[in-house]
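Colleague: Next up, entry_28.txt (compact mmCIF, C-alpha atoms).
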```txt
# COMPACT_ATOMS: atom_id res chain seq x y z
CA MET C 14 19.93 -6.42 -10.87
CA GLN C 15 17.01 -7.02 -8.51
CA PHE C 16 16.48 -4.56 -5.68
CA ASP C 17 15.02 -5.46 -2.28
CA THR C 18 12.88 -2.34 -2.48
CA LYS C 19 10.64 -0.90 -5.14
CA ILE C 20 9.76 2.71 -5.89
CA ALA C 21 6.26 3.30 -7.24
CA VAL C 22 4.59 6.50 -8.38
CA VAL C 23 0.84 6.50 -9.01
CA ILE C 24 -0.55 9.39 -11.05
CA ARG C 25 -4.15 10.20 -11.89
CA THR C 26 -4.71 9.49 -15.56
CA ASP C 27 -7.02 12.42 -16.35
CA LEU C 28 -4.37 15.13 -15.86
CA GLN C 29 -2.83 17.20 -18.63
CA ALA C 30 0.60 16.02 -19.80
CA TRP C 31 2.46 18.91 -18.13
CA GLN C 32 0.66 18.18 -14.85
CA LYS C 33 1.62 14.49 -14.95
CA LEU C 34 5.27 15.35 -15.50
CA ASN C 35 5.19 18.00 -12.78
CA VAL C 36 3.58 15.62 -10.29
CA ALA C 37 6.08 12.84 -11.08
CA ALA C 38 9.02 15.19 -10.58
CA PHE C 39 7.75 16.53 -7.25
CA LEU C 40 6.84 13.09 -5.92
CA THR C 41 10.20 11.52 -6.76
CA SER C 42 11.91 14.37 -4.94
CA GLY C 43 10.02 13.20 -1.85
CA ILE C 44 11.48 9.72 -2.25
CA ALA C 45 14.99 11.13 -2.67
CA SER C 46 14.54 13.27 0.44
CA ALA C 47 13.23 10.45 2.61
CA TYR C 48 15.67 7.81 1.36
CA PRO C 49 19.03 9.48 0.63
CA ALA C 50 20.69 6.06 0.41
CA CYS C 51 18.74 5.40 -2.80
CA ILE C 52 20.75 8.14 -4.54
CA GLY C 53 23.58 6.76 -6.65
CA ASP C 54 26.97 8.27 -7.34
CA ALA C 55 27.44 11.37 -9.49
CA TYR C 56 27.91 10.89 -13.23
CA GLU C 57 30.86 11.92 -15.37
CA ASP C 58 31.25 11.59 -19.14
CA ALA C 59 34.43 10.67 -21.06
CA SER C 60 35.27 14.38 -21.38
CA GLY C 61 35.36 14.81 -17.63
CA THR C 62 32.10 16.81 -17.47
CA LYS C 63 30.35 16.14 -14.17
CA TYR C 64 26.60 15.58 -13.75
CA LEU C 65 24.27 15.22 -10.77
CA SER C 66 23.47 11.94 -9.05
CA LEU C 67 20.20 10.18 -9.76
CA ILE C 68 18.04 7.73 -7.86
CA GLY C 69 19.88 4.48 -8.44
CA GLN C 70 16.95 2.12 -9.01
CA PRO C 71 14.04 1.98 -11.43
CA ILE C 72 10.91 4.00 -10.64
CA LEU C 73 7.69 2.34 -11.76
CA ILE C 74 4.91 4.76 -12.75
CA TYR C 75 1.31 3.59 -12.60
CA GLY C 76 -1.89 5.28 -13.74
CA ALA C 77 -5.08 5.42 -11.71
CA ASP C 78 -8.40 7.18 -11.49
CA GLY C 79 -9.32 9.06 -8.31
CA PRO C 80 -10.83 6.12 -6.39
CA ALA C 81 -7.92 3.79 -7.27
CA LEU C 82 -5.45 6.46 -6.17
CA THR C 83 -7.24 6.81 -2.82
CA ARG C 84 -7.28 3.01 -2.48
CA ALA C 85 -3.50 2.89 -3.09
CA LEU C 86 -2.98 5.59 -0.44
CA ASP C 87 -5.09 3.65 2.06
CA ARG C 88 -3.21 0.44 1.27
CA ALA C 89 0.11 2.21 1.79
CA LEU C 90 -0.89 3.70 5.12
CA THR C 91 -2.29 0.40 6.46
CA ARG C 92 1.08 -1.19 5.63
CA ASN C 93 2.98 1.57 7.48
CA VAL C 94 4.38 3.01 4.24
CA THR C 95 4.60 6.80 4.34
CA PRO C 96 3.96 8.15 0.84
CA ALA C 97 4.66 11.48 -0.79
CA VAL C 98 1.37 13.08 -1.88
CA TYR C 99 0.37 15.65 -4.46
CA THR C 100 -3.15 17.09 -4.45
CA GLU C 101 -5.04 19.03 -7.08
CA ASP C 102 -5.06 22.08 -4.79
CA MET C 103 -1.26 22.23 -5.05
CA PHE C 104 -1.56 23.26 -8.72
CA LYS C 105 -3.00 26.57 -7.45
CA THR C 106 -0.10 27.42 -5.13
CA THR C 107 3.15 29.17 -5.91
CA HIS C 108 5.59 27.92 -3.25
CA ASP C 109 6.46 25.04 -0.95
CA ALA C 110 4.91 26.42 2.24
CA ALA C 111 1.62 27.03 0.41
CA ASN C 112 1.69 23.42 -0.83
CA ARG C 113 1.95 22.15 2.73
CA GLU C 114 -0.89 24.43 3.82
CA ALA C 115 -3.07 23.17 0.95
CA VAL C 116 -2.61 19.60 2.18
CA ARG C 117 -2.95 20.49 5.86
CA ALA C 118 -6.31 22.22 5.21
CA VAL C 119 -8.03 19.01 4.06
CA ALA C 120 -8.80 15.78 5.94
CA ARG C 121 -7.15 12.69 4.44
CA THR C 122 -10.47 11.21 3.29
CA ASP C 123 -11.23 14.42 1.39
CA LEU C 124 -7.84 14.93 -0.30
CA ASN C 125 -8.23 15.41 -4.05
CA LEU C 126 -5.20 13.30 -4.89
CA VAL C 127 -3.45 13.53 -8.23
CA GLY C 128 -0.43 11.43 -7.28
CA ILE C 129 1.42 9.49 -4.63
CA ALA C 130 4.90 7.98 -4.48
CA MET C 131 6.35 5.43 -2.13
CA ARG C 132 9.34 3.20 -1.53
CA ALA C 133 9.14 -0.04 0.41
CA GLU C 134 9.96 -3.72 0.17
CA ARG C 135 9.05 -5.15 -3.24
CA LYS C 136 6.22 -7.37 -1.96
CA VAL C 137 4.69 -4.52 0.01
CA ILE C 138 4.65 -2.19 -3.01
CA ASP C 139 3.18 -5.01 -5.13
CA LYS C 140 0.25 -5.28 -2.70
CA ILE C 141 -0.27 -1.51 -2.64
CA VAL C 142 -0.41 -1.15 -6.44
CA ASP C 143 -2.20 -4.47 -7.08
CA GLY C 144 -4.65 -4.04 -9.94
CA LEU C 145 -3.05 -0.87 -11.32
CA LYS C 146 -1.53 -0.73 -14.80
CA PHE C 147 1.63 1.09 -15.82
CA HIS C 148 0.91 4.66 -16.89
CA SER C 149 0.71 5.10 -20.64
```
Write out the structure in this file as structure tokens.

Modeller:
Amino acid sequence: MQFDTKIAVVIRTDLQAWQKLNVAAFLTSGIASAYPACIGDAYEDASGTKYLSLIGQPILIYGADGPALTRALDRALTRNVTPAVYTEDMFKTTHDAANREAVRAVARTDLNLVGIAMRAERKVIDKIVDGLKFHS
């Protein structure tokens, strides 16, 4: 099945494994929050056990260094795509309000990005992540 939209997550490649997983989880929650229609139906196994709904389309995860991550953010914003962001300062906080304050305290050009996520039309996402490789 081909979707009209694409979900892309871009994560800085020099992070520790636990940080990459943490960033991916937080960023995809931003997509789910902004686009509730992308959430599929709940799951149920043959025994009748119920499970939570998931995002109903593939999520492509790319790797990038700091400058490439900033370039992807700039490309997204110039195409009117609002991304979810995760900055290095957010690793030092302990709750959601502190995360927002950590981002609010820094100008966009000075954000120490570790990840972004976005959902838009396929061709738009392709232009934003052009030149990036899938995360390995």

Colleague: For CA of Ile141 (chain C) and CA of Ala89 (chain C), quote the distance in Å rounded to one decimal.

Modeller: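 Distance between the two atoms: 5.8 Å.
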
Colleague: Per residue of region 111-146 of chain C within 7 Å of region 60-83 of chain C, which atom pair is closest and at what distance in Å (one decimal), using all atoms listed in the file, listed by chain and increasing number, as a Markdown table?

Modeller:
```
| residue | atom | partner | partner_atom | distance |
| --- | --- | --- | --- | --- |
| C:Leu126 | CA | C:Gly79 | CA | 6.8 |
| C:Leu145 | CA | C:Tyr75 | CA | 6.4 |
| C:Lys146 | CA | C:Tyr75 | CA | 5.6 |
```

Colleague: Using all atoms listed in the file, can you tell me which of C:Lys136, C:His148, C:Arg88, C:Lys33 comes closest to Lys19 (chain C)?

Modeller: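 Closest to Lys19 (chain C) of all the choices is C:Lys136.
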
Colleague: With all atoms listed in the file as the basis for distance, which of C:Ala55, C:Thr26, C:Val119, C:Ala97 is at the shortest distance from Gly43 (chain C)?

Modeller: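 Among the listed residues, the smallest separation from Gly43 (chain C) belongs to C:Ala97.
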
Colleague: Give me the residues within 12 Å of Tyr48 (chain C) as a list in words, counting only C-alpha atoms and dropping any in the same chain fewer than 3 places off.

Modeller: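 Contacts, with the query itself left out: Thr18, Lys19, Ile20, Thr41, Ser42, Gly43, Ile44, Ala45, Cys51, Ile52, Gly53, Ile68, Gly69, Gln70, Thr95, Pro96, Ala97, Met131, Arg132 and Ala133 of chain C.
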
Colleague: Could you check how far CA of Ile24 (chain C) sits from CA of Met103 (chain C), in Å to one decimal?

Modeller: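 Taking CA of Ile24 (chain C) and CA of Met103 (chain C), their separation equals 14.2 Å.
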
Colleague: To one decimal place in Å, what is the distance between CA of Asp54 (chain C) and CA of Val22 (chain C)?

Modeller: 22.5 Å

Colleague: Can we get region 97-116 of chain C of that structure written down with N, CA, C and O atoms, as a PDB file, in the first residue's frame?

Modeller:
```pdb
ATOM      1  N   ALA C  97       8.390  17.947  14.859  1.00  0.00           N
ATOM      2  CA  ALA C  97       8.655  17.746  16.291  1.00  0.00           C
ATOM      3  C   ALA C  97      10.170  17.854  16.442  1.00  0.00           C
ATOM      4  O   ALA C  97      10.906  17.431  15.553  1.00  0.00           O
ATOM      5  N   VAL C  98      10.642  18.439  17.527  1.00  0.00           N
ATOM      6  CA  VAL C  98      12.086  18.565  17.742  1.00  0.00           C
ATOM      7  C   VAL C  98      12.482  17.969  19.085  1.00  0.00           C
ATOM      8  O   VAL C  98      11.682  17.943  20.025  1.00  0.00           O
ATOM      9  N   TYR C  99      13.709  17.502  19.121  1.00  0.00           N
ATOM     10  CA  TYR C  99      14.313  17.041  20.377  1.00  0.00           C
ATOM     11  C   TYR C  99      15.720  17.608  20.391  1.00  0.00           C
ATOM     12  O   TYR C  99      16.455  17.453  19.419  1.00  0.00           O
ATOM     13  N   THR C 100      16.068  18.304  21.479  1.00  0.00           N
ATOM     14  CA  THR C 100      17.392  18.913  21.594  1.00  0.00           C
ATOM     15  C   THR C 100      18.215  18.195  22.659  1.00  0.00           C
ATOM     16  O   THR C 100      17.665  17.514  23.539  1.00  0.00           O
ATOM     17  N   GLU C 101      19.515  18.377  22.583  1.00  0.00           N
ATOM     18  CA  GLU C 101      20.401  17.738  23.554  1.00  0.00           C
ATOM     19  C   GLU C 101      20.097  18.196  24.977  1.00  0.00           C
ATOM     20  O   GLU C 101      20.196  17.421  25.924  1.00  0.00           O
ATOM     21  N   ASP C 102      19.684  19.461  25.129  1.00  0.00           N
ATOM     22  CA  ASP C 102      19.357  19.976  26.462  1.00  0.00           C
ATOM     23  C   ASP C 102      18.211  19.208  27.112  1.00  0.00           C
ATOM     24  O   ASP C 102      18.113  19.145  28.342  1.00  0.00           O
ATOM     25  N   MET C 103      17.349  18.601  26.312  1.00  0.00           N
ATOM     26  CA  MET C 103      16.204  17.873  26.866  1.00  0.00           C
ATOM     27  C   MET C 103      16.631  16.602  27.596  1.00  0.00           C
ATOM     28  O   MET C 103      15.878  16.094  28.433  1.00  0.00           O
ATOM     29  N   PHE C 104      17.833  16.090  27.332  1.00  0.00           N
ATOM     30  CA  PHE C 104      18.328  14.928  28.078  1.00  0.00           C
ATOM     31  C   PHE C 104      18.573  15.277  29.547  1.00  0.00           C
ATOM     32  O   PHE C 104      18.641  14.398  30.401  1.00  0.00           O
ATOM     33  N   LYS C 105      18.713  16.565  29.851  1.00  0.00           N
ATOM     34  CA  LYS C 105      19.027  17.011  31.210  1.00  0.00           C
ATOM     35  C   LYS C 105      17.783  17.336  32.031  1.00  0.00           C
ATOM     36  O   LYS C 105      17.884  17.651  33.209  1.00  0.00           O
ATOM     37  N   THR C 106      16.606  17.277  31.416  1.00  0.00           N
ATOM     38  CA  THR C 106      15.380  17.644  32.117  1.00  0.00           C
ATOM     39  C   THR C 106      14.683  16.396  32.658  1.00  0.00           C
ATOM     40  O   THR C 106      15.039  15.279  32.305  1.00  0.00           O
ATOM     41  N   THR C 107      13.693  16.631  33.487  1.00  0.00           N
ATOM     42  CA  THR C 107      12.999  15.496  34.108  1.00  0.00           C
ATOM     43  C   THR C 107      11.491  15.473  33.865  1.00  0.00           C
ATOM     44  O   THR C 107      10.823  14.576  34.348  1.00  0.00           O
ATOM     45  N   HIS C 108      10.965  16.477  33.131  1.00  0.00           N
ATOM     46  CA  HIS C 108       9.527  16.480  32.871  1.00  0.00           C
ATOM     47  C   HIS C 108       9.210  17.339  31.652  1.00  0.00           C
ATOM     48  O   HIS C 108      10.055  18.098  31.157  1.00  0.00           O
ATOM     49  N   ASP C 109       7.996  17.193  31.176  1.00  0.00           N
ATOM     50  CA  ASP C 109       7.551  17.801  29.924  1.00  0.00           C
ATOM     51  C   ASP C 109       7.671  19.321  29.922  1.00  0.00           C
ATOM     52  O   ASP C 109       8.149  19.906  28.947  1.00  0.00           O
ATOM     53  N   ALA C 110       7.259  19.972  30.987  1.00  0.00           N
ATOM     54  CA  ALA C 110       7.327  21.439  31.027  1.00  0.00           C
ATOM     55  C   ALA C 110       8.778  21.904  30.946  1.00  0.00           C
ATOM     56  O   ALA C 110       9.083  22.898  30.279  1.00  0.00           O
ATOM     57  N   ALA C 111       9.683  21.187  31.583  1.00  0.00           N
ATOM     58  CA  ALA C 111      11.107  21.543  31.522  1.00  0.00           C
ATOM     59  C   ALA C 111      11.661  21.344  30.108  1.00  0.00           C
ATOM     60  O   ALA C 111      12.532  22.101  29.668  1.00  0.00           O
ATOM     61  N   ASN C 112      11.155  20.339  29.402  1.00  0.00           N
ATOM     62  CA  ASN C 112      11.568  20.142  28.008  1.00  0.00           C
ATOM     63  C   ASN C 112      11.194  21.351  27.153  1.00  0.00           C
ATOM     64  O   ASN C 112      11.999  21.843  26.364  1.00  0.00           O
ATOM     65  N   ARG C 113       9.968  21.832  27.321  1.00  0.00           N
ATOM     66  CA  ARG C 113       9.530  22.996  26.550  1.00  0.00           C
ATOM     67  C   ARG C 113      10.346  24.222  26.897  1.00  0.00           C
ATOM     68  O   ARG C 113      10.696  25.025  26.021  1.00  0.00           O
ATOM     69  N   GLU C 114      10.670  24.392  28.162  1.00  0.00           N
ATOM     70  CA  GLU C 114      11.502  25.525  28.581  1.00  0.00           C
ATOM     71  C   GLU C 114      12.905  25.430  27.989  1.00  0.00           C
ATOM     72  O   GLU C 114      13.492  26.437  27.595  1.00  0.00           O
ATOM     73  N   ALA C 115      13.448  24.223  27.918  1.00  0.00           N
ATOM     74  CA  ALA C 115      14.788  24.030  27.348  1.00  0.00           C
ATOM     75  C   ALA C 115      14.816  24.451  25.881  1.00  0.00           C
ATOM     76  O   ALA C 115      15.800  25.046  25.419  1.00  0.00           O
ATOM     77  N   VAL C 116      13.760  24.169  25.155  1.00  0.00           N
ATOM     78  CA  VAL C 116      13.686  24.576  23.749  1.00  0.00           C
ATOM     79  C   VAL C 116      13.436  26.074  23.654  1.00  0.00           C
ATOM     80  O   VAL C 116      14.082  26.779  22.871  1.00  0.00           O
TER      81      VAL C 116
END
```
